[in-house]
Amino acid sequence: MSKYVSDEQVRTWIQHVQRNNDDRAKEHILMAFKDLVDKIVRKYSRTRDDYDDLYQVAMAALMKAIKRFNLKNDNKFMTYAIPCVTGEIKNYFKSMWAIEVPVKTKENYKRIQLAIEDFTSLHGYKPTSKELATYLEMDIYEIREQLQAMTHFTALSWHAPSNHHQEEGQAAYEDVIGAEDMSYSVVEEQLFMNYVLSKLNENEARAIYQLFVNQLSQDEVAKKLEVSQMQVSRLRRRALEKIKRLYEQTVYTSI
């Protein structure tokens with residue numbers, strides 16, 4: 001989003017669009033988020049043709065997000081818009097699955113994409129597999145299978161150039177790609193968790209650790225911390241608000 005436009009101004013424009021279908025307000029929002037859309041599209045495009053097609057998809061997704069955004073919540077529009085745009089880009093590839101997946105998995109694709117968008121708009125963060133399963137009343141293993149399948153939209157040739165912007169004769173993927181060390185993601189997650197916990201006060205950190213790492217219920221955490229269930233609920237809410245802000249800072253600076 002343009003650094004010269006406040007979230008309050010964006011919400012005012014959205015209100016005009018939702019109530020009066022104000023074309024001028026639409027144009028203001030689309031221009032304010034033009035650079036953000038460009039950065040997201042560049043992450044997914046491989047050629048100039050890809051970019052042009054995906055940019056149109058992304059802008060249409062942004063327009064849809066404007067109309068569906070819940071102004072009753074305090075969440076920033078950007079928090080809702082980013083998963084909406086990336087979700088639509090992935091949806092654009094849904095007819096080009098790189099591997100064979102069950103028909104049911106393909107049928108669930110759109111349902112899960114919409115659920116992720118709705119959940120994000122309502123709660124201000126993307127749902128976990130467990131939360132998504134509860135939200136859709138689906139088995140968590142089915143949800144995880146679906147999310148895994150959603151990463152297999154398209155495939156590149158092993159002999160394809162590793163960077164389409166370079167000159168002819170560049171190295172192919174088979175020449176430069178190495179085996180993925182899965183421990184990197186574990187280390188990154190642990191580092192982020194340690195960073196997050198360091199930003200919370202002692203009670204917030206203890207509550208979050210018990211709720212999300214040890215996966216205890218609020219009642220169980222209350223007994224463990226010797227406080228009321230209502231206090232645990234407040235600690236959880238305050239901690240998640242802090243984590244959300246930290247996550248936004250991390251994600252938006254990396255786009």
# chains A, B, ... in the order shown; residues from 1 in each chain; ligands from 1
>>> residues_around(residues="stretch 14-31 of chain A", least_positions_apart="4", cutoff="8 Å", atoms="only C-alpha atoms", output="NGL selection string")
:A and (10 or 59 or 62-63 or 66-67 or 71)
>>> residues_around(residues="A:Arg111", least_positions_apart="6", cutoff="12 Å", atoms="only C-alpha atoms", output="list in words")
Gly87, Asn91, Lys104, Thr105, Glu117, Asp118, Leu132, Ala133, Tyr135, Leu136, Glu137, Met138, Ile143, Gln146 and Leu147 of chain A
>>> closest_residue(among="A:Ala239, A:Ile208, A:Leu246, A:Cys84", to="A:Lys64", atoms="only C-alpha atoms")
A:Cys84
>>> closest_residue(among="A:Ala65, A:Leu225, A:Leu122, A:Ala58", to="A:Tyr92", atoms="only C-alpha atoms")
A:Ala58
>>> closest_residue(among="A:Phe119, A:Ala61, A:Asn201, A:Asn108", to="A:Asn73", atoms="only C-alpha atoms")
A:Phe119
>>> atom_distance(atom1="atom CA of A:Gln113", atom2="atom CA of A:Thr79")
15.5 Å
>>> closest_residue(among="A:Met78, A:Ile112, A:Ile243, A:Ile140", to="A:Glu204", atoms="only C-alpha atoms")
A:Ile243
>>> residues_around(residues="A:Leu240", least_positions_apart="4", cutoff="10 Å", atoms="only C-alpha atoms", output="list in words")
Gly124, Tyr125, Val196, Leu200, Glu204, Ile208, Arg234, Leu235, Arg236, Lys244, Arg245 and Leu246 of chain A
>>> write_last_selection(atoms="N, CA, C and O atoms", output="mmCIF file, in the first residue's frame")
data_model
loop_
_atom_site.group_PDB
_atom_site.id
_atom_site.type_symbol
_atom_site.label_atom_id
_atom_site.label_comp_id
_atom_site.auth_asym_id
_atom_site.auth_seq_id
_atom_site.Cartn_x
_atom_site.Cartn_y
_atom_site.Cartn_z
ATOM 1 N N GLY A 124 -8.468 -11.776 11.570
ATOM 2 C CA GLY A 124 -7.266 -10.969 11.403
ATOM 3 C C GLY A 124 -5.994 -11.750 11.187
ATOM 4 O O GLY A 124 -4.901 -11.181 11.157
ATOM 5 N N TYR A 125 -6.075 -13.073 11.055
ATOM 6 C CA TYR A 125 -4.901 -13.892 10.761
ATOM 7 C C TYR A 125 -5.352 -15.141 10.006
ATOM 8 O O TYR A 125 -6.511 -15.524 10.063
ATOM 9 N N VAL A 196 9.002 -13.980 19.088
ATOM 10 C CA VAL A 196 7.662 -13.590 19.507
ATOM 11 C C VAL A 196 7.532 -13.663 21.025
ATOM 12 O O VAL A 196 7.038 -12.728 21.669
ATOM 13 N N LEU A 200 6.562 -10.749 24.420
ATOM 14 C CA LEU A 200 5.395 -10.840 25.288
ATOM 15 C C LEU A 200 5.827 -10.743 26.749
ATOM 16 O O LEU A 200 6.972 -11.051 27.082
ATOM 17 N N GLU A 204 1.746 -13.640 29.367
ATOM 18 C CA GLU A 204 1.306 -13.842 27.977
ATOM 19 C C GLU A 204 2.097 -14.959 27.319
ATOM 20 O O GLU A 204 1.535 -15.826 26.642
ATOM 21 N N ILE A 208 0.494 -18.459 25.925
ATOM 22 C CA ILE A 208 0.603 -18.805 24.503
ATOM 23 C C ILE A 208 1.345 -20.125 24.322
ATOM 24 O O ILE A 208 0.968 -20.974 23.494
ATOM 25 N N ARG A 234 -8.094 -13.374 28.144
ATOM 26 C CA ARG A 234 -7.561 -12.024 27.935
ATOM 27 C C ARG A 234 -6.084 -12.055 27.551
ATOM 28 O O ARG A 234 -5.638 -11.309 26.680
ATOM 29 N N LEU A 235 -5.336 -12.927 28.230
ATOM 30 C CA LEU A 235 -3.909 -13.068 27.900
ATOM 31 C C LEU A 235 -3.736 -13.520 26.454
ATOM 32 O O LEU A 235 -2.869 -13.022 25.728
ATOM 33 N N ARG A 236 -4.569 -14.478 26.048
ATOM 34 C CA ARG A 236 -4.513 -14.996 24.674
ATOM 35 C C ARG A 236 -4.799 -13.893 23.674
ATOM 36 O O ARG A 236 -4.084 -13.742 22.678
ATOM 37 N N LYS A 244 0.260 -10.722 15.891
ATOM 38 C CA LYS A 244 -0.233 -10.291 14.589
ATOM 39 C C LYS A 244 0.575 -9.102 14.064
ATOM 40 O O LYS A 244 0.971 -9.073 12.895
ATOM 41 N N ARG A 245 0.826 -8.126 14.942
ATOM 42 C CA ARG A 245 1.597 -6.958 14.515
ATOM 43 C C ARG A 245 3.024 -7.343 14.126
ATOM 44 O O ARG A 245 3.565 -6.849 13.124
ATOM 45 N N LEU A 246 3.632 -8.246 14.893
ATOM 46 C CA LEU A 246 4.981 -8.707 14.578
ATOM 47 C C LEU A 246 5.006 -9.452 13.244
ATOM 48 O O LEU A 246 5.917 -9.288 12.433
#
>>> closest_residue(among="A:Val5, A:Ala32, A:Ile82, A:Ile89", to="A:Ser45", atoms="only C-alpha atoms")
A:Ile89
>>> atom_distance(atom1="atom CA of A:Arg206", atom2="atom CA of A:Ser121")
27.4 Å
